[in-house]
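*Asks:* First the structure, then my questions, so here it is.
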Amino acid sequence: METRSVDYLATCVKTLVVIVVIAITQYACLSTNSHRLADQRAQGGDYQGAVDIYQTVIDTKPETAAARRAQLAIGKLYIDRMNRPEAGVRIYQDLINITPDSEETAEAHYRLGVYYFKVADYELAQKSFDTVVNQFSYLENSHNAQLMLAKSHENAGNFEKAIEIYDNVANRHPDGKRAGQAFINKARLQRKFLGDEKEAKRTYQSLVKRYGRIEGTEETIEEAKRELRLMGATIPEPDPPLASKYERFLDKQQVRRERDRPRGGVELNPAMDDTRSVTDSGFGVSPQEIMKAFGPIRMDGQGTYYDAMLMIANAMFQSEDYRNAGALFHQGIELTEQHEVMVDPYHYVRLSVCYRKLGLHQRARKVLEKAIKKDKKILDSIITSGATQYVNGEYAKAIETYNSVLGLSFSKAPELYWKLGLVYQRMGEIEEAREYFERAVAADTDYIDALQSLAEVLYYQLKDTERAKIFQDLVDAQNNKAFSVETSYAGEKALGDICYRYGNYARAKSKYEAAARIAQREKKRATSEFKERLLNNQRIYATVHAAMSAYKSGMEANAQTMIDALTTEYPEHSLILYGHGQLAMLKGEVNIGFAAFRSSIEKDPYSDVVPLVLGQYYLSQGFGDEAVALWEEFIKVNPNPSRHYRVQQRLKVIKTQMKVDSPQPTP
């Protein structure tokens with residue numbers, strides 16, 4: 001009886017398994033048939049019919065791969081066939097929001113990037129392609145995305161960034177055809193768009209030397225040689241075998257391995273499946289396959305397998321083989337952690353560099369965060385490394401080093417921004433230097449080195465003597481704190497402006513409020529009606545901007561209260577309308593803001609404060625002609641150059657820009 005019960009139960013289980021298998025098969029067939037039918041409809045031109053079938057798949061099989069593929073198909077039809085790009089973009093975005101980690105999501109990101117690239121929205125294209133590169137680096141499409149990312153920067157005119165990404169591509173494919181093409185693209189940009197023929201020659205020569213004997217790169221090598229001939233440059237011989245440090249290391253390791261090979265055919269290498277490591281690491285190569293080049297690794301009292309792996313990783317790192325070095329660092333660190341052994345934090349640092357050299361900056365940052373948590377001294381060490389590169393004239397490396405840790409420590413941010421400013425200043429890129437000095441000040445308004453550097457670059461390079469004096473006065477006030485030297489309204493306002501520009505709204509509010517208090521205090525000492533009126537203007541202006549900073553800090557109610565208090569105190573003042581206009585713009589009430597600004601100008605047609613701000617808002621909305629008309633009218637009403645100097649300067653710049661941007665007539 002008991003045997004029959006067991007047999008009956010076994011039969012039921014087998015039947016259930018068969019039913020499940022049949023159901024799964026039918027389910028898969030149904031999905032396949034639906035996609036096939038939809039494809040047929042689309043090929044026949046019945047795009048809406050195809051969309052309806054795909055939508056049925058989505059509705060009946062939500063949260064499945066079939067549904068995600070159907071969403072991709074609908075998005076493609078909307079964009080490529082039905083001239084409904086907005087609907088296609090929404091479909092892709094919905095897929096991304098619902099399943100952010102699926103392979104179909106990676107495809108959605110890539111297709112969005114292609115769409116934005118075609119409509120010349122390169123910023124959004126870069127964001128989409130960068131997501132594929134960093135979050136889906138294990139997929140083949142991530143390599144195509146990286147090339148498209150470089151092309152997006154190239155089309156946007158960001159040639160230095162495009163060159164950096166082509167370097168990333170070459171590092172990611174050190175032994176393949178893609179590396180050769182990346183070098184060709186890099187040299188083309190250096191020569192054609194940056195006008196740097198010297199660096200272009202070096203790039204072509206490096207390509208011939210490094211890849212001249214690698215199979216599959218013959219076409220790019222010939223192109224490089226042809227360009228070198230046209231430039232009258234020397235064509236180098238390809239590197240011979242064992243030319244690199246890494247290859248010499250391999251040769252020595254081979255000799256050592258033969259000497260120490262265990263007799264009797266005993267294999268001492270641990271057998272490990274590293275399939276998951278290939279996917280997880282993002283480098284796309286097998287650590288075990290790399291290690292096979294060294295033959296069996298003897299595991300004796302002198303070290304462990306992962307010690308050998310990390311040692312070889314360091315050798316590869318020194319020879320700039322960042323892909324293979326990174327794969328070994330990733331696996332070696334993982335094995336070390338599994339054995340609960342202390343990991344040298346600098347292995348994490350080198351792993352982060354490998355990621356960065358391949359363009360996987362998001363992974364690089366996470367690894368570096370982990371390293372700094374393990375040893376706080378690492379951050380100082382990296383900053384010191386950047387300073388050494390700066391002193392040695394390795395400016396590109398210094399910038400890369402400083403940027404790698406920027407944002408990882410709030411307390412170090414002012415120093416890092418300042419040091420970046422020094423690098424750009426030494427390179428002659430003065431506007432970038434000014435920006436980074438300002439960022440340093442925004443992060444710490446008492447940072448005297450940044451204040452001094454900003455004053456100097458304004459005075460000596462940018463010839464802005466008025467602003468330079470303001471920041472030099474702030475430096476002098478810092479140096480004379482013991483004597484209670486007071487800062488000025490201009491100084492506190494300038495600090496508020498910088499903090500607001502770079503998003504430090506809490507500090508901006510504090511500085512604007514300090515400026516308002518200074519104006520109020522000076523008003524009590526005023527000896528003329530003109531001086532009192534000027535100080536009233538300063539106080540209102542500073543308070544309006546303090547309210548704007550409060551709004552940006554998330555204190556919307558507080559911002560409105562501040563504007564309302566000003567309105568009660570100065571109901572007829574033109575700058576009150578300016579304040580209401582600014583708050584309206586922050587709320588997204590553009591028409592209300594424009595109306596308030598225009599009313600403010602009508603009330604006081606002689607002040608340039610509101611016309612300058614309104615003109616900038618016009619430009620931000622794409623109304624260039626309106627901005628020009630506004631500023632020309634202001635100059636007409638105020639013919640005295642002392643009244644319209646700032647407006648005249650801005651008008652000159654925007655007219656030049658509009659002339660450059662407008663299409664030129666065909667001769």
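By order of appearance in the structure tokens: chains A, B, ..., then residues from 1 within every chain, and ligands from 1 in the order shown.
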Need the shell around Asp130 in chain A: protein/DNA/RNA residues with any atom at most 9 Å away, counting only C-alpha atoms. Skip same-chain ones fewer than 3 positions apart. Format as a list in words?
*Replies:*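 Answer for this query is Ala125, Gln126, Lys127, Val133, Asn134, Gln135, Ser142, Ala145, Gln146, Leu149, Gly359 and Leu360 of chain A.
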*Asks:* Mind dumping the selected residues with C-alpha atoms as a PDB file, in the first residue's frame?
*Replies:*
ATOM      1  CA  ALA A 125      23.408  61.723 -26.004  1.00  0.00           C
ATOM      2  CA  GLN A 126      26.558  61.736 -23.858  1.00  0.00           C
ATOM      3  CA  LYS A 127      24.541  60.965 -20.744  1.00  0.00           C
ATOM      4  CA  VAL A 133      29.634  52.331 -20.889  1.00  0.00           C
ATOM      5  CA  ASN A 134      29.709  52.482 -17.088  1.00  0.00           C
ATOM      6  CA  GLN A 135      26.715  50.456 -15.961  1.00  0.00           C
ATOM      7  CA  SER A 142      29.113  49.193 -24.346  1.00  0.00           C
ATOM      8  CA  ALA A 145      28.488  53.253 -26.902  1.00  0.00           C
ATOM      9  CA  GLN A 146      32.002  54.405 -25.970  1.00  0.00           C
ATOM     10  CA  LEU A 149      30.326  58.934 -26.664  1.00  0.00           C
ATOM     11  CA  GLY A 359      36.594  55.332 -19.227  1.00  0.00           C
ATOM     12  CA  LEU A 360      34.707  53.474 -16.467  1.00  0.00           C
TER      13      LEU A 360
END
*Asks:* Run DSSP on the backbone and tell me which residues of range 371-457 of chain A come out as helix (DSSP H, G or I); list them as a PyMOL selection string.
*Replies:* chain A and resi 371-374+377-391+395-405+413-427+430-443+448-457
*Asks:* Please identify all polymer residues within 12 Å of Gly393 in chain A, counting only C-alpha atoms, omitting same-chain residues fewer than 4 positions from it, and present them as a ChimeraX atom specification.
*Replies:* /A:386-389,397-399,422-424,426-427
*Asks:* Just to be explicit: take each residue in the selection above, keep C-alpha atoms, and write the result as an mmCIF file, in the first residue's frame.
*Replies:*
data_model
loop_
_atom_site.group_PDB
_atom_site.id
_atom_site.type_symbol
_atom_site.label_atom_id
_atom_site.label_comp_id
_atom_site.auth_asym_id
_atom_site.auth_seq_id
_atom_site.Cartn_x
_atom_site.Cartn_y
_atom_site.Cartn_z
ATOM 1 C CA GLY A 386 48.951 65.449 -8.308
ATOM 2 C CA ALA A 387 51.154 68.223 -6.901
ATOM 3 C CA THR A 388 54.274 66.352 -8.040
ATOM 4 C CA GLN A 389 52.828 65.971 -11.539
ATOM 5 C CA LYS A 397 48.000 63.914 -15.434
ATOM 6 C CA ALA A 398 47.655 66.379 -12.552
ATOM 7 C CA ILE A 399 44.144 67.325 -13.672
ATOM 8 C CA LEU A 422 46.742 76.554 -10.564
ATOM 9 C CA VAL A 423 47.169 73.825 -13.190
ATOM 10 C CA TYR A 424 44.865 75.566 -15.661
ATOM 11 C CA ARG A 426 49.960 77.348 -15.751
ATOM 12 C CA MET A 427 48.508 75.885 -18.964
#
*Asks:* Leaving out Ile563 in chain A and any residue of its chain fewer than 5 positions from it, which residues lie within 12 Å of it when counting only C-alpha atoms, given as a VMD selection string?
*Replies:* chain A and resid 540 to 548 550 to 551 556 to 558 568 to 571 575 to 584
*Asks:* In Å, how far is it from CA of Arg226 in chain A to CA of Arg172 in chain A?
*Replies:* 25.6 Å
*Asks:* Would you compute the distance between CA of Arg365 in chain A and CA of Glu320 in chain A? Give it in Å to one decimal.
*Replies:* 19.6 Å
*Asks:* Do a neighbour search on range 523-530 of chain A at 10 Å with only C-alpha atoms, toss out local chain neighbours closer than 6 positions, and write the hits as a list in words.
*Replies:* Arg517, Asn536 and Arg539 of chain A
*Asks:* Quick one: distance from CA of Ala224 in chain A to CA of Asn155 in chain A in Å, one decimal?
*Replies:*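 Separating CA of Ala224 in chain A from CA of Asn155 in chain A is a distance of 22.7 Å.
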*Asks:* May I have the residues within 8 Å of Ile635 in chain A as a VMD selection string, using only C-alpha atoms and disregarding those fewer than 6 positions away in the same chain?
*Replies:* chain A and resid 644 647 to 648
*Asks:* Those selected residues, please, written with N, CA and C atoms and delivered as an mmCIF file, in the first residue's frame.
*Replies:*
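Output file again.cif is given in full below:
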data_model
loop_
_atom_site.group_PDB
_atom_site.id
_atom_site.type_symbol
_atom_site.label_atom_id
_atom_site.label_comp_id
_atom_site.auth_asym_id
_atom_site.auth_seq_id
_atom_site.Cartn_x
_atom_site.Cartn_y
_atom_site.Cartn_z
ATOM 1 N N HIS A 644 25.783 103.052 -19.032
ATOM 2 C CA HIS A 644 25.471 101.864 -19.834
ATOM 3 C C HIS A 644 26.699 101.010 -20.171
ATOM 4 N N VAL A 647 26.130 97.170 -19.821
ATOM 5 C CA VAL A 647 25.169 96.706 -20.823
ATOM 6 C C VAL A 647 25.819 96.694 -22.199
ATOM 7 N N GLN A 648 26.596 97.747 -22.508
ATOM 8 C CA GLN A 648 27.273 97.839 -23.805
ATOM 9 C C GLN A 648 28.226 96.659 -24.001
#
*Asks:* What's around Ala506 in chain A at 8 Å? Count only C-alpha atoms, leave out sequence neighbours fewer than 3 positions away in its own chain, and write the answer as an MDAnalysis selection string.
*Replies:* chainID A and resid 509:510 549:550 553
*Asks:* Those selected residues, please, written with N, CA and C atoms and delivered as an mmCIF file, in the first residue's frame.
*Replies:*
data_model
loop_
_atom_site.group_PDB
_atom_site.id
_atom_site.type_symbol
_atom_site.label_atom_id
_atom_site.label_comp_id
_atom_site.auth_asym_id
_atom_site.auth_seq_id
_atom_site.Cartn_x
_atom_site.Cartn_y
_atom_site.Cartn_z
ATOM 1 N N LYS A 509 23.300 82.713 1.080
ATOM 2 C CA LYS A 509 22.307 83.435 1.879
ATOM 3 C C LYS A 509 22.985 84.191 3.014
ATOM 4 N N SER A 510 23.920 83.530 3.677
ATOM 5 C CA SER A 510 24.628 84.164 4.791
ATOM 6 C C SER A 510 25.410 85.389 4.326
ATOM 7 N N SER A 549 18.493 82.742 -2.503
ATOM 8 C CA SER A 549 19.329 81.671 -1.958
ATOM 9 C C SER A 549 18.524 80.791 -1.008
ATOM 10 N N ALA A 550 17.666 81.426 -0.208
ATOM 11 C CA ALA A 550 16.811 80.652 0.697
ATOM 12 C C ALA A 550 15.895 79.732 -0.096
ATOM 13 N N SER A 553 17.676 76.824 -1.351
ATOM 14 C CA SER A 553 18.042 75.929 -0.247
ATOM 15 C C SER A 553 16.866 75.094 0.231
#
*Asks:* For a quick check of understanding, using only C-alpha atoms, which of A:Tyr617, A:Tyr306, A:Phe159, A:Tyr390 has the smallest distance to Arg188 in chain A?
*Replies:*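 Looking only at the distances to Arg188 in chain A, the closest residue turns out to be A:Phe159.
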*Asks:* When distances are computed from only C-alpha atoms, which of A:Leu619, A:Ala442, A:Asp307, A:Ala433 shows the smallest separation from Glu456 in chain A?
*Replies:*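 With only C-alpha atoms as the atom set, the closest residue is A:Ala433.
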